[in-house]
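The data block below is final_34.txt; it holds compact mmCIF, C-alpha atoms.
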```
# COMPACT_ATOMS: atom_id res chain seq x y z
CA MET F 1 -3.13 28.68 8.64
CA GLN F 2 -3.50 27.01 5.25
CA MET F 3 0.08 27.88 4.30
CA ILE F 4 1.40 26.23 7.46
CA ASN F 5 -0.59 23.06 6.73
CA LEU F 6 0.74 23.01 3.15
CA TYR F 7 4.26 23.55 4.45
CA LEU F 8 4.02 20.71 6.97
CA ALA F 9 2.43 18.42 4.35
CA GLU F 10 5.35 19.07 2.02
CA ILE F 11 7.87 18.30 4.77
CA GLU F 12 5.99 15.09 5.61
CA LYS F 13 6.63 13.73 2.10
CA HIS F 14 10.37 13.66 2.76
CA LEU F 15 10.40 12.27 6.32
CA PRO F 16 10.87 8.60 7.30
CA ALA F 17 7.75 7.00 8.76
CA ARG F 18 9.52 5.99 11.98
CA ASN F 19 9.48 9.40 13.68
CA ARG F 20 7.44 11.46 11.23
CA GLU F 21 4.70 12.50 13.67
CA ASP F 22 7.14 13.67 16.36
CA VAL F 23 9.17 15.68 13.87
CA LEU F 24 6.08 17.39 12.43
CA LYS F 25 4.84 18.29 15.92
CA GLU F 26 8.24 19.75 16.77
CA ILE F 27 8.37 21.80 13.57
CA GLN F 28 4.78 22.98 13.97
CA SER F 29 5.47 24.05 17.57
CA THR F 30 8.57 25.97 16.51
CA LEU F 31 6.71 27.73 13.69
CA MET F 32 3.82 28.69 15.93
CA ASP F 33 6.24 30.11 18.54
CA MET F 34 8.01 32.15 15.86
CA ILE F 35 4.71 33.49 14.54
CA GLU F 36 3.46 34.31 18.04
CA ASP F 37 6.66 36.18 18.93
CA ARG F 38 6.43 38.31 15.79
CA ASN F 39 2.74 39.01 15.90
CA SER F 40 2.55 42.61 17.10
CA ASP F 41 -1.15 42.39 17.88
CA SER F 42 -1.74 39.38 20.11
CA GLU F 43 -5.46 39.98 20.03
CA GLN F 44 -5.62 39.40 16.28
CA PRO F 45 -4.66 36.25 14.34
CA PRO F 46 -1.41 36.53 12.38
CA ASN F 47 -1.81 37.78 8.83
CA ASP F 48 -0.66 35.91 5.72
CA ASP F 49 2.37 38.13 5.17
CA LEU F 50 3.72 37.28 8.62
CA ILE F 51 3.18 33.55 8.12
CA ILE F 52 4.84 33.61 4.70
CA SER F 53 7.80 35.54 6.13
CA VAL F 54 8.30 32.94 8.89
CA LEU F 55 8.05 30.01 6.46
CA GLN F 56 10.48 31.70 4.12
CA GLU F 57 12.98 32.14 6.94
CA TYR F 58 12.56 28.59 8.25
CA GLY F 59 13.63 27.11 4.94
CA LYS F 60 12.71 24.91 2.02
CA PRO F 61 10.60 21.90 3.14
CA ARG F 62 12.96 19.31 1.65
CA GLN F 63 15.99 20.89 3.31
CA VAL F 64 14.18 21.09 6.65
CA ALA F 65 13.30 17.39 6.41
CA GLN F 66 16.90 16.48 5.58
CA LYS F 67 18.00 17.70 9.02
CA TYR F 68 16.14 14.75 10.53
CA ILE F 69 17.42 12.06 8.15
CA LYS F 70 20.66 10.10 8.20
CA TYR F 71 21.96 9.48 4.67
CA THR F 72 24.18 6.88 3.06
CA SER F 73 27.13 7.89 0.93
CA LEU F 74 25.91 6.15 -2.24
CA ILE F 75 22.79 8.30 -2.60
CA GLY F 76 23.20 11.92 -1.57
CA PRO F 77 20.71 14.02 0.40
CA ARG F 78 19.17 15.52 -2.72
CA MET F 79 17.95 12.18 -4.03
CA TYR F 80 17.73 10.06 -0.88
CA PRO F 81 14.05 10.69 0.06
CA THR F 82 12.90 9.90 -3.48
CA TYR F 83 15.26 6.92 -3.62
CA LEU F 84 13.66 5.40 -0.51
CA GLN F 85 10.16 6.01 -1.86
CA VAL F 86 10.89 4.33 -5.19
CA LEU F 87 12.83 1.47 -3.58
CA LYS F 88 9.87 0.63 -1.32
CA ILE F 89 7.50 0.50 -4.30
CA VAL F 90 9.79 -1.70 -6.40
CA LEU F 91 10.50 -4.13 -3.57
CA ALA F 92 6.80 -4.31 -2.68
CA VAL F 93 5.91 -5.19 -6.29
CA LEU F 94 8.60 -7.89 -6.46
CA ALA F 95 7.58 -9.32 -3.09
CA GLY F 96 3.93 -9.43 -4.18
CA ILE F 97 4.75 -11.30 -7.39
CA ASN F 98 6.84 -13.88 -5.52
CA LEU F 99 4.18 -14.26 -2.84
CA ILE F 100 1.71 -15.18 -5.56
CA GLY F 101 4.23 -17.78 -6.75
CA ILE F 102 4.39 -19.32 -3.28
CA ILE F 103 0.59 -19.49 -3.06
CA ILE F 104 0.36 -21.13 -6.50
CA THR F 105 3.06 -23.63 -5.50
CA ILE F 106 1.12 -24.71 -2.43
CA ALA F 107 -2.23 -24.77 -4.24
CA THR F 108 -1.06 -26.77 -7.27
CA PHE F 109 1.55 -29.05 -5.72
CA SER F 110 0.93 -32.65 -6.78
CA GLY F 111 4.29 -34.24 -6.10
CA THR F 112 7.66 -33.98 -7.85
CA SER F 113 11.12 -35.36 -7.26
CA LEU F 114 11.40 -32.43 -4.81
CA GLY F 115 9.19 -32.32 -1.73
CA LEU F 116 6.75 -29.50 -1.03
CA PHE F 117 9.04 -27.74 1.42
CA GLU F 118 12.01 -28.00 -0.94
CA THR F 119 9.90 -26.54 -3.74
CA ILE F 120 8.71 -23.67 -1.54
CA ALA F 121 12.29 -23.07 -0.45
CA GLN F 122 13.25 -22.83 -4.12
CA VAL F 123 10.58 -20.16 -4.67
CA ILE F 124 11.66 -18.24 -1.56
CA GLY F 125 15.22 -18.34 -2.82
CA GLY F 126 13.98 -16.76 -6.03
CA LEU F 127 12.24 -14.10 -3.92
CA PHE F 128 15.49 -13.07 -2.24
CA ASN F 129 17.31 -13.08 -5.58
CA SER F 130 14.69 -10.83 -7.17
CA LEU F 131 14.63 -8.46 -4.16
CA PHE F 132 18.43 -8.21 -4.24
CA LEU F 133 18.35 -7.58 -8.00
CA GLY F 134 15.62 -4.95 -7.60
CA PHE F 135 17.59 -3.22 -4.86
CA GLY F 136 20.66 -3.22 -7.08
CA ILE F 137 18.87 -1.79 -10.12
CA VAL F 138 17.15 0.98 -8.16
CA SER F 139 20.39 1.91 -6.38
CA LEU F 140 22.30 1.90 -9.66
CA VAL F 141 19.77 4.15 -11.40
CA PHE F 142 19.77 6.67 -8.56
CA ALA F 143 23.54 6.56 -8.20
CA ILE F 144 23.86 7.39 -11.91
CA ILE F 145 21.37 10.24 -11.57
CA GLU F 146 23.17 11.51 -8.47
CA ARG F 147 26.58 11.56 -10.14
CA THR F 148 25.78 12.63 -13.68
CA LEU F 149 23.55 15.64 -13.08
CA PRO F 150 25.10 18.99 -12.17
CA ALA F 151 24.76 19.80 -8.49
CA ASP F 152 22.75 22.97 -9.15
CA LEU F 153 20.23 21.06 -11.27
CA LYS F 154 19.53 18.06 -9.03
CA ILE F 155 15.85 18.58 -8.31
CA LYS F 156 16.76 22.28 -8.19
CA ILE F 157 17.45 21.95 -4.50
CA GLY F 158 20.05 24.65 -4.62
CA LYS F 159 17.73 27.38 -5.90
CA GLU F 160 16.27 29.99 -3.60
CA TRP F 161 13.02 28.74 -2.10
CA THR F 162 9.93 30.90 -1.67
CA SER F 163 6.61 30.13 -0.02
CA GLU F 164 5.01 30.40 -3.45
CA ASP F 165 6.58 27.01 -4.21
CA LEU F 166 3.87 25.45 -2.03
CA LEU F 167 1.32 26.55 -4.61
CA SER F 168 3.44 25.25 -7.49
CA GLN F 169 2.29 21.70 -6.68
CA LYS F 170 -0.78 22.58 -8.72
CA ASP F 171 1.41 23.30 -11.72
CA HIS F 172 1.00 20.63 -14.41
CA HIS F 173 4.47 21.42 -15.74
CA THR F 174 6.32 20.32 -12.59
CA ILE F 175 7.53 16.73 -12.75
CA LYS F 176 7.22 14.16 -9.96
CA ILE F 177 10.65 12.68 -9.41
CA ALA F 178 9.37 9.44 -7.88
CA GLU F 179 7.09 8.72 -10.85
CA ILE F 180 9.82 9.51 -13.37
CA ALA F 181 12.35 7.34 -11.53
CA LEU F 182 9.88 4.43 -11.35
CA GLU F 183 9.21 4.75 -15.06
CA ILE F 184 12.94 4.69 -15.80
CA ILE F 185 13.47 1.58 -13.64
CA PHE F 186 10.59 -0.45 -15.08
CA THR F 187 11.37 0.67 -18.64
CA LEU F 188 14.99 -0.39 -18.21
CA ALA F 189 13.86 -3.72 -16.75
CA PHE F 190 11.57 -4.26 -19.76
CA VAL F 191 14.40 -3.53 -22.22
CA VAL F 192 16.72 -5.97 -20.43
CA LEU F 193 13.95 -8.60 -20.25
CA ILE F 194 13.07 -8.63 -23.96
CA ASN F 195 16.69 -8.47 -25.10
CA PHE F 196 18.37 -10.94 -22.73
CA PHE F 197 15.71 -12.96 -20.93
CA LEU F 198 12.97 -13.43 -23.49
CA ASP F 199 12.83 -17.13 -22.70
CA ARG F 200 11.83 -16.30 -19.10
CA ILE F 201 8.51 -14.85 -20.26
CA GLY F 202 6.18 -17.83 -20.32
CA ILE F 203 4.12 -20.39 -18.46
CA TYR F 204 5.66 -21.56 -15.18
CA TYR F 205 4.79 -25.00 -13.88
CA LEU F 206 6.13 -27.60 -11.48
CA GLY F 207 8.11 -30.30 -13.24
CA GLU F 208 9.92 -33.29 -11.87
CA THR F 209 12.92 -31.16 -10.89
CA GLY F 210 11.04 -28.09 -9.65
CA TRP F 211 9.80 -24.96 -11.40
CA MET F 212 10.07 -24.95 -15.20
CA VAL F 213 9.15 -22.34 -17.80
CA SER F 214 7.69 -22.69 -21.28
CA PRO F 215 8.21 -19.49 -23.33
CA ILE F 216 5.03 -18.04 -24.87
CA LEU F 217 6.51 -15.34 -27.15
CA ASN F 218 7.15 -16.84 -30.58
CA GLN F 219 9.43 -15.81 -33.46
CA ASN F 220 6.93 -13.22 -34.70
CA PHE F 221 7.70 -11.08 -31.65
CA ASN F 222 11.44 -10.96 -32.40
CA ARG F 223 10.97 -8.54 -35.29
CA TYR F 224 9.58 -5.93 -32.88
CA ILE F 225 12.36 -6.16 -30.29
CA PRO F 226 14.72 -3.59 -31.93
CA LEU F 227 11.88 -1.09 -32.38
CA LEU F 228 10.62 -1.57 -28.83
CA THR F 229 14.18 -1.20 -27.54
CA VAL F 230 14.70 2.09 -29.39
CA ALA F 231 11.34 3.49 -28.22
CA ASN F 232 12.01 2.59 -24.58
CA LEU F 233 15.60 3.86 -24.60
CA LEU F 234 14.37 7.17 -26.04
CA SER F 235 11.83 7.31 -23.23
CA ILE F 236 14.57 6.75 -20.63
CA VAL F 237 16.71 9.52 -22.16
CA LEU F 238 13.75 11.91 -22.12
CA ASN F 239 12.97 11.08 -18.49
CA LEU F 240 16.59 11.69 -17.45
CA PHE F 241 16.43 15.03 -19.25
CA LEU F 242 13.18 15.87 -17.44
CA ILE F 243 14.84 15.16 -14.09
CA ARG F 244 17.66 17.48 -15.15
CA LYS F 245 15.28 20.29 -16.15
CA GLY F 246 12.81 19.76 -13.31
CA ARG F 247 9.68 20.54 -15.34
CA TRP F 248 7.91 20.03 -18.64
CA ASN F 249 8.18 22.59 -21.43
CA LYS F 250 7.08 22.71 -25.06
CA ALA F 251 10.27 21.03 -26.33
CA THR F 252 9.99 18.07 -23.97
CA THR F 253 6.28 17.78 -24.71
CA VAL F 254 6.99 17.58 -28.44
CA ALA F 255 9.67 14.93 -27.76
CA LYS F 256 7.19 12.95 -25.65
CA LEU F 257 4.59 13.17 -28.43
CA VAL F 258 7.11 11.89 -31.00
CA ILE F 259 8.02 8.93 -28.76
CA ASN F 260 4.33 8.20 -28.11
CA VAL F 261 3.52 8.28 -31.84
CA PHE F 262 6.45 5.95 -32.51
CA THR F 263 5.26 3.59 -29.75
CA ILE F 264 1.69 3.71 -31.02
CA GLY F 265 2.96 2.79 -34.49
CA ILE F 266 4.78 -0.26 -33.08
CA SER F 267 1.66 -1.23 -31.09
CA ILE F 268 -0.53 -1.01 -34.17
CA ALA F 269 1.95 -3.16 -36.10
CA ILE F 270 1.79 -5.81 -33.36
CA LEU F 271 -1.98 -5.47 -33.17
CA THR F 272 -2.52 -6.04 -36.89
CA GLY F 273 0.36 -8.47 -37.45
CA PRO F 274 0.62 -12.23 -36.90
CA ASN F 275 0.10 -13.71 -33.45
CA ILE F 276 3.05 -13.24 -31.10
CA LEU F 277 1.94 -15.75 -28.43
CA THR F 278 2.06 -19.53 -28.64
CA LEU F 279 1.22 -21.91 -25.80
CA ASP F 280 3.15 -25.19 -25.78
CA PRO F 281 0.66 -28.10 -25.40
CA SER F 282 3.05 -29.97 -23.11
CA ALA F 283 3.26 -26.98 -20.75
CA TRP F 284 -0.53 -26.65 -20.72
CA ASN F 285 -0.92 -30.33 -19.93
CA ALA F 286 1.67 -30.08 -17.16
CA LEU F 287 -0.42 -27.41 -15.44
CA ASP F 288 -3.19 -29.98 -15.02
CA ILE F 289 -5.90 -27.31 -14.74
CA ASP F 290 -9.48 -28.56 -15.00
CA ILE F 291 -10.53 -26.41 -17.98
CA SER F 292 -11.96 -27.94 -21.16
CA LYS F 293 -9.72 -25.92 -23.50
CA THR F 294 -6.94 -27.20 -25.69
CA ALA F 295 -3.56 -25.47 -25.95
CA ALA F 296 -4.51 -24.18 -29.41
CA GLU F 297 -7.75 -22.68 -28.09
CA LEU F 298 -5.90 -21.10 -25.18
CA THR F 299 -3.34 -19.67 -27.59
CA GLY F 300 -6.16 -17.95 -29.47
CA LEU F 301 -7.62 -16.55 -26.26
CA MET F 302 -4.20 -15.35 -25.10
CA ASN F 303 -3.59 -13.50 -28.36
CA MET F 304 -7.04 -11.95 -28.15
CA GLY F 305 -6.28 -10.79 -24.61
CA MET F 306 -2.93 -9.42 -25.76
CA ARG F 307 -4.65 -7.43 -28.52
CA ILE F 308 -7.06 -5.98 -25.96
CA LEU F 309 -4.15 -4.95 -23.73
CA ILE F 310 -2.33 -3.37 -26.68
CA GLY F 311 -5.51 -1.53 -27.62
CA LEU F 312 -5.82 -0.18 -24.07
CA SER F 313 -2.15 0.79 -24.17
CA ILE F 314 -2.71 2.76 -27.39
CA PHE F 315 -5.72 4.46 -25.79
CA GLY F 316 -3.61 5.37 -22.75
CA LEU F 317 -0.81 6.79 -24.92
CA VAL F 318 -3.32 8.91 -26.83
CA LEU F 319 -4.80 10.26 -23.57
CA GLU F 320 -1.32 11.02 -22.22
CA SER F 321 -0.42 12.86 -25.43
CA ILE F 322 -3.61 14.95 -25.28
CA LYS F 323 -2.95 15.76 -21.61
CA ARG F 324 0.56 17.00 -22.34
CA LEU F 325 -0.63 19.03 -25.34
CA VAL F 326 -3.30 20.73 -23.26
CA ALA F 327 -0.91 21.36 -20.33
CA ASP F 328 1.91 22.89 -22.38
CA PHE F 329 0.16 24.49 -25.33
CA PHE F 330 -3.31 25.49 -24.12
CA ASN F 331 -3.44 25.75 -20.30
CA LYS F 332 -2.09 28.70 -18.40
CA ASP F 333 0.18 28.14 -15.46
CA ARG F 334 -2.33 27.74 -12.62
CA ALA F 335 0.15 28.26 -9.81
CA ARG F 336 1.44 31.51 -11.26
CA SER F 337 -2.10 32.67 -11.97
CA LEU F 338 -2.95 32.17 -8.30
CA ILE F 339 0.13 34.06 -7.20
CA ASN F 340 -0.34 36.93 -9.64
CA ALA F 341 -3.96 37.27 -8.60
CA LYS F 342 -2.90 38.31 -5.09
```

Same coordinates, now as structure tokens:
Amino acid sequence: MQMINLYLAEIEKHLPARNREDVLKEIQSTLMDMIEDRNSDSEQPPNDDLIISVLQEYGKPRQVAQKYIKYTSLIGPRMYPTYLQVLKIVLAVLAGINLIGIIITIATFSGTSLGLFETIAQVIGGLFNSLFLGFGIVSLVFAIIERTLPADLKIKIGKEWTSEDLLSQKDHHTIKIAEIALEIIFTLAFVVLINFFLDRIGIYYLGETGWMVSPILNQNFNRYIPLLTVANLLSIVLNLFLIRKGRWNKATTVAKLVINVFTIGISIAILTGPNILTLDPSAWNALDIDISKTAAELTGLMNMGMRILIGLSIFGLVLESIKRLVADFFNKDRARSLINAK
């Protein structure tokens, strides 16, 4: 019954949490009835060929799940399950960040022209603004994907499904739509942030009129903005192409390697270049944190931490590049090997 369990697990990925268990029980009961009716020898357990035949007839897991979901018109049925998954992740991240802001506000409040409750209300207002913005960006990205890709290529939902697709989850060439979509969203957000809201990246503190920000990225960082923008836009284009194709191949792997090498080059330039972070002494004093470090000393520590993060980022890009090289140029297709071995 391993194939049935795999089949149900695949359906579960595309079902809403509200009635997931009931739907799975209903589908499992229907499948078992179909198998029992077609099993010519009731004394013997059904063989694999019979189970595969029933699963094949019942339909592709995503399409089966769609029968139990009500969709909006903005995001069609092909993308809607992934859209919900990505939206939940993005909103959870934004909510977590703003929750931290509320906790810091309460913990560090020492009196301003605004009262504590007014200050908290200001932060909560920012929470709703960021959640609304996040919802808009995610919806926009998925709406673009939904309307720009040919219908027969959208997650390849229109292709004939076979039970062998359950084994293809072990294939390193198959992309994960949710991960790709998340990468597109956060990459796009990063591009917008460094190009239009660079002054929002900084130290936040409570001033006399509420929350204030002191930018920490200095003029040295500006020289890298065009290069970072190009690298990230190329990454977005590649990810959209991957969604269109549905899987990695040697051409997309080479493109990914080129983008990674380009990004590594920018990272090394930042790593070996002049400091890109500067902490304003007035902002540090406004924080009123009981640490015996001056703003200049903190600036040095921040730049050291930034270099460590960049170094880790380079290491991660190298590992990712090696992984893709091995998967597309050295490894055999595991899923097909399993199928051909039967």

TODO: Just the residues within 12 Å of range 257-264 of chain F, please, counting only C-alpha atoms, with nothing from its chain fewer than 2 positions along; format it as a PyMOL selection string.
DONE: chain F and resi 224+227-239+250-255+266-271+310-325+328

Open item on the list: One number please: CA of Ala9 in chain F to CA of Ala65 in chain F, in Å, one decimal.
Closed with: 11.1 Å

- [ ] Find the distance between CA of Ala327 in chain F and CA of Lys176 in chain F and write it in Å to one decimal.
- [x] 15.0 Å

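Proximity to Gln56 in chain F was assessed for F:Tyr7, F:Phe241, F:Phe132, F:Tyr83 counting only C-alpha atoms; the smallest distance is recorded for F:Tyr7.
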
Task: Which of F:Phe142, F:Phe196, F:Tyr68, F:Phe221 sits closest to Gln85 in chain F [using all atoms listed in the file] - done: F:Phe142

- [ ] Find, counting all atoms listed in the file, the residue in F:Pro281, F:Gly126, F:Gly265, F:Gly246 that gets nearest to Ile203 in chain F.
- [x] F:Pro281

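The spacing separating CA of Pro61 in chain F from CA of Glu12 in chain F amounts to 8.6 Å.
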
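Among the candidates F:Glu36, F:Thr294, F:Asn249, F:Asn285, the residue lying nearest to Val326 in chain F is F:Asn249 (atoms considered: all atoms listed in the file).
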
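Using all atoms listed in the file, the residues found no farther than 8 Å from Leu131 in chain F, other than those of its own chain fewer than 4 positions away, are Leu91, Leu94, Ala95, Leu127 and Phe135 of chain F.
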
- [ ] With only C-alpha atoms counted, which protein, DNA or RNA residues have an atom no more than 12 Å from (6.3, -16.2, -21.3) in the file frame? Please answer as JSON, numbers by chain.
- [x] {"F": [193, 194, 197, 198, 199, 200, 201, 202, 203, 204, 205, 212, 213, 214, 215, 216, 217, 218, 221, 276, 277, 278, 279, 280, 283, 302]}

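All residues of protein, DNA or RNA that reach within 12 Å of Asp37 in chain F, judged by only C-alpha atoms and not counting those fewer than 3 positions away in the chain, are Thr30, Leu31, Met32, Asp33, Met34, Ser40, Asp41, Ser42, Pro46, Leu50, Ile51 and Val54 of chain F.
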
Task: Selection near Ile180 in chain F, 9 Å with only C-alpha atoms, sequence-local residues under 2 positions removed, as a PyMOL selection string - done: chain F and resi 175-178+182-185+239-240+242-243

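Considering all atoms listed in the file, the residue among F:Gly76, F:Gly125, F:Val86, F:Glu43 positioned nearest to Leu99 in chain F is F:Gly125.
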